[in-house]
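*Asks:* Structure provided below as structure tokens; questions to follow.
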Amino acid sequence: MAIKHFLQLSDFTLDEFHYVMERARIIKRRFKEYQPYHPLLDRTLVMIFEKNSTRTRLSFEAGMHQLGGAAIYLNTRDSQLGRGEPVEDAGQVISRMCDIIMIRTFGQDIIERFAAHSRVPVINGLTNEHHPCQVFADVFTYIEHRGSIAGKTVAWIGDANNMLYSWLQAAQIFGFHLNISTPKGYEVDLARLPAEKSHYTLFDNPVDACHQVDLVNTDVWTSMGYEAENQARLDAFKGWIVDADKMARAHPEALFMHCLPAHRGEEVSADVIDGPQSVVWDEAENRLHIQKALLEYLVVGKVIETPN
Ligand code: CP
Ligand code: NVA
């Protein structure tokens, strides 16, 4: 049977997302009540990082421990991955010694090649093209605060980066609309937009993109791997800051999200990210709960248990 991976959101069906979110609710409640829950006893997660991380490393490592398993951290600096070992060979070897693998790397092609040679499930912990774990946690966070996201409108203000492309997939899967505004020179790659055009609208003006939306979303202007473009991006993105004026255009009940880390005064003003509409800390915490449910699903499959 084909191994189930989570390399982008489109790898899962809506039913699978609903199942994993239901498990995340149960696992989160148990965590809050200090109830031990160890479905992954003696299982091992290997985490491979080719880029920096705080939230992703912490949530996967703590999550695996809380599920009764162990997590091993590898990075490019001190493993053979940084010395040119073919990714296909790494996939073969690493997957013979563990039960599940999480990778943060550069090109999506790297994780796809690794997964094609892996004997165990592989999770995308961020690539240049996608950040599915974060957007899954964000959708879960929206639903916790406001109920179903289907039929809602979400604004994306800023860079056409990995987060945006995962939000585009989420819009198709969960049935909401995305208003996208990016500066000139940093537009969405039209070739990567879904054929189905009813789930998004492109706006030249970021203020217009916020009109009556239910959620305003942004991210750093310079993603990891693009640092050489930082100064040019600071100039080009002026005007794309999510500030009180833009939030005032949104629905009064609108939420603000940012996957973090954030730069106050660049992509978001301090009064917005630290203000009452911001749910950024809930998004960060929900990485833990959603990924624990994801690990459980990918390692042991669907769990049938009577709720307690
Ligand atoms: N949001 C996110 O993935 O954070 P880290 O880069 O700290 O893992
Ligand atoms: N778009 C950002 C997300 C960081 C979590 C990056 O890729 O650096």
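As shown in the structure tokens, the chain order sets the letters A, B, ...; within each chain, residues go from 1, and ligands are also counted from 1 in the order they appear.
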Give one line per residue of chain A that approaches ligand 2 to at most 8 Å, naming the two atoms of the closest pair and their distance in Å to one decimal, counting only C-alpha atoms and all ligand atoms; sort by chain then ascending residue number and deliver it as a tab-separated table.
*Replies:*
```
residue	atom	partner	partner_atom_place_in_ligand_line	distance
A:Ser53	CA	ligand 2	5 (C)	7.4
A:Leu126	CA	ligand 2	7 (O)	6.9
A:Thr127	CA	ligand 2	7 (O)	7.0
A:Asn128	CA	ligand 2	7 (O)	6.1
A:His131	CA	ligand 2	3 (C)	7.5
A:Gln134	CA	ligand 2	5 (C)	7.9
A:Asn161	CA	ligand 2	1 (N)	5.8
A:Asn162	CA	ligand 2	1 (N)	5.7
A:Met163	CA	ligand 2	1 (N)	5.8
A:Asp219	CA	ligand 2	1 (N)	6.1
A:Val220	CA	ligand 2	1 (N)	6.0
A:Trp221	CA	ligand 2	1 (N)	7.8
A:Thr222	CA	ligand 2	8 (O)	6.8
A:Ser223	CA	ligand 2	8 (O)	3.4
A:Met224	CA	ligand 2	8 (O)	3.8
A:Gly225	CA	ligand 2	8 (O)	7.3
A:Cys259	CA	ligand 2	5 (C)	6.0
A:Leu260	CA	ligand 2	5 (C)	5.9
A:Pro261	CA	ligand 2	5 (C)	6.5
```
*Asks:* Near Ala62 (chain A), within 12 Å and counting only C-alpha atoms, which residues show up once chain neighbours fewer than 5 positions away are dropped, as a PyMOL selection string?
*Replies:* chain A and resi 31+45+54-57+67-73+285+287-289+291-292
*Asks:* Looking at A:Thr182, A:Ser148, A:Ser59, A:Thr201, which one is nearest to ligand 1, with distances taken over only C-alpha atoms and all ligand atoms?
*Replies:* A:Ser59
*Asks:* Would you work out the distance separating CA of Val303 (chain A) from CA of His5 (chain A), expressed in Å to one decimal?
*Replies:*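 These two atoms are separated by 17.9 Å.
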*Asks:* Which distance in Å separates CA of Arg113 (chain A) and CA of Glu88 (chain A), to one decimal?
*Replies:*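 Going from CA of Arg113 (chain A) over to CA of Glu88 (chain A) covers 6.3 Å.
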*Asks:* When you count only C-alpha atoms, which of these residues is closest to His65 (chain A): A:Glu22, A:Glu85, A:Asp42, A:Glu283?
*Replies:* A:Asp42
*Asks:* For the strand (DSSP E) assignment from backbone DSSP, which residues of region 102-240 of chain A qualify? Please present them as a PyMOL selection string.
*Replies:* chain A and resi 102-104+122-124+153-157+177-181+200-203+215-218
*Asks:* With distances taken over only C-alpha atoms and all ligand atoms, which residue among A:Ile101, A:Ala284, A:Ala254, A:Leu41 lies nearest ligand 1?
*Replies:*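 With only C-alpha atoms and all ligand atoms as the atom set, the closest residue is A:Ala284.
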*Asks:* Write out as a list in words the residues lying within 6 Å of Arg23 (chain A), counting only C-alpha atoms and excluding same-chain residues fewer than 3 positions away.
*Replies:*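 Neighbouring residues, sequence-local ones excluded: Val20, Ile26 and Ala293 of chain A.
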*Asks:* Generate a file of the selected residues that holds N, CA and C atoms, formatted as a short mmCIF file (atom, residue, chain, number, x, y, z; two decimals), in the first residue's frame.
*Replies:*
```cif
data_model
loop_
_atom_site.label_atom_id
_atom_site.label_comp_id
_atom_site.auth_asym_id
_atom_site.auth_seq_id
_atom_site.Cartn_x
_atom_site.Cartn_y
_atom_site.Cartn_z
N VAL A 20 -8.57 14.61 11.60
CA VAL A 20 -7.38 15.00 12.37
C VAL A 20 -7.72 16.16 13.31
N ILE A 26 -9.42 16.45 21.00
CA ILE A 26 -9.34 15.49 22.12
C ILE A 26 -7.94 15.53 22.74
N ALA A 293 -1.90 15.26 16.55
CA ALA A 293 -2.97 14.49 15.90
C ALA A 293 -2.51 13.97 14.54
#
```
*Asks:* Residues of region 158-200 of chain A classed as helix (DSSP H, G or I) by DSSP on the backbone are to be reported as a PyMOL selection string.
*Replies:* chain A and resi 162-174+190-192+197-199
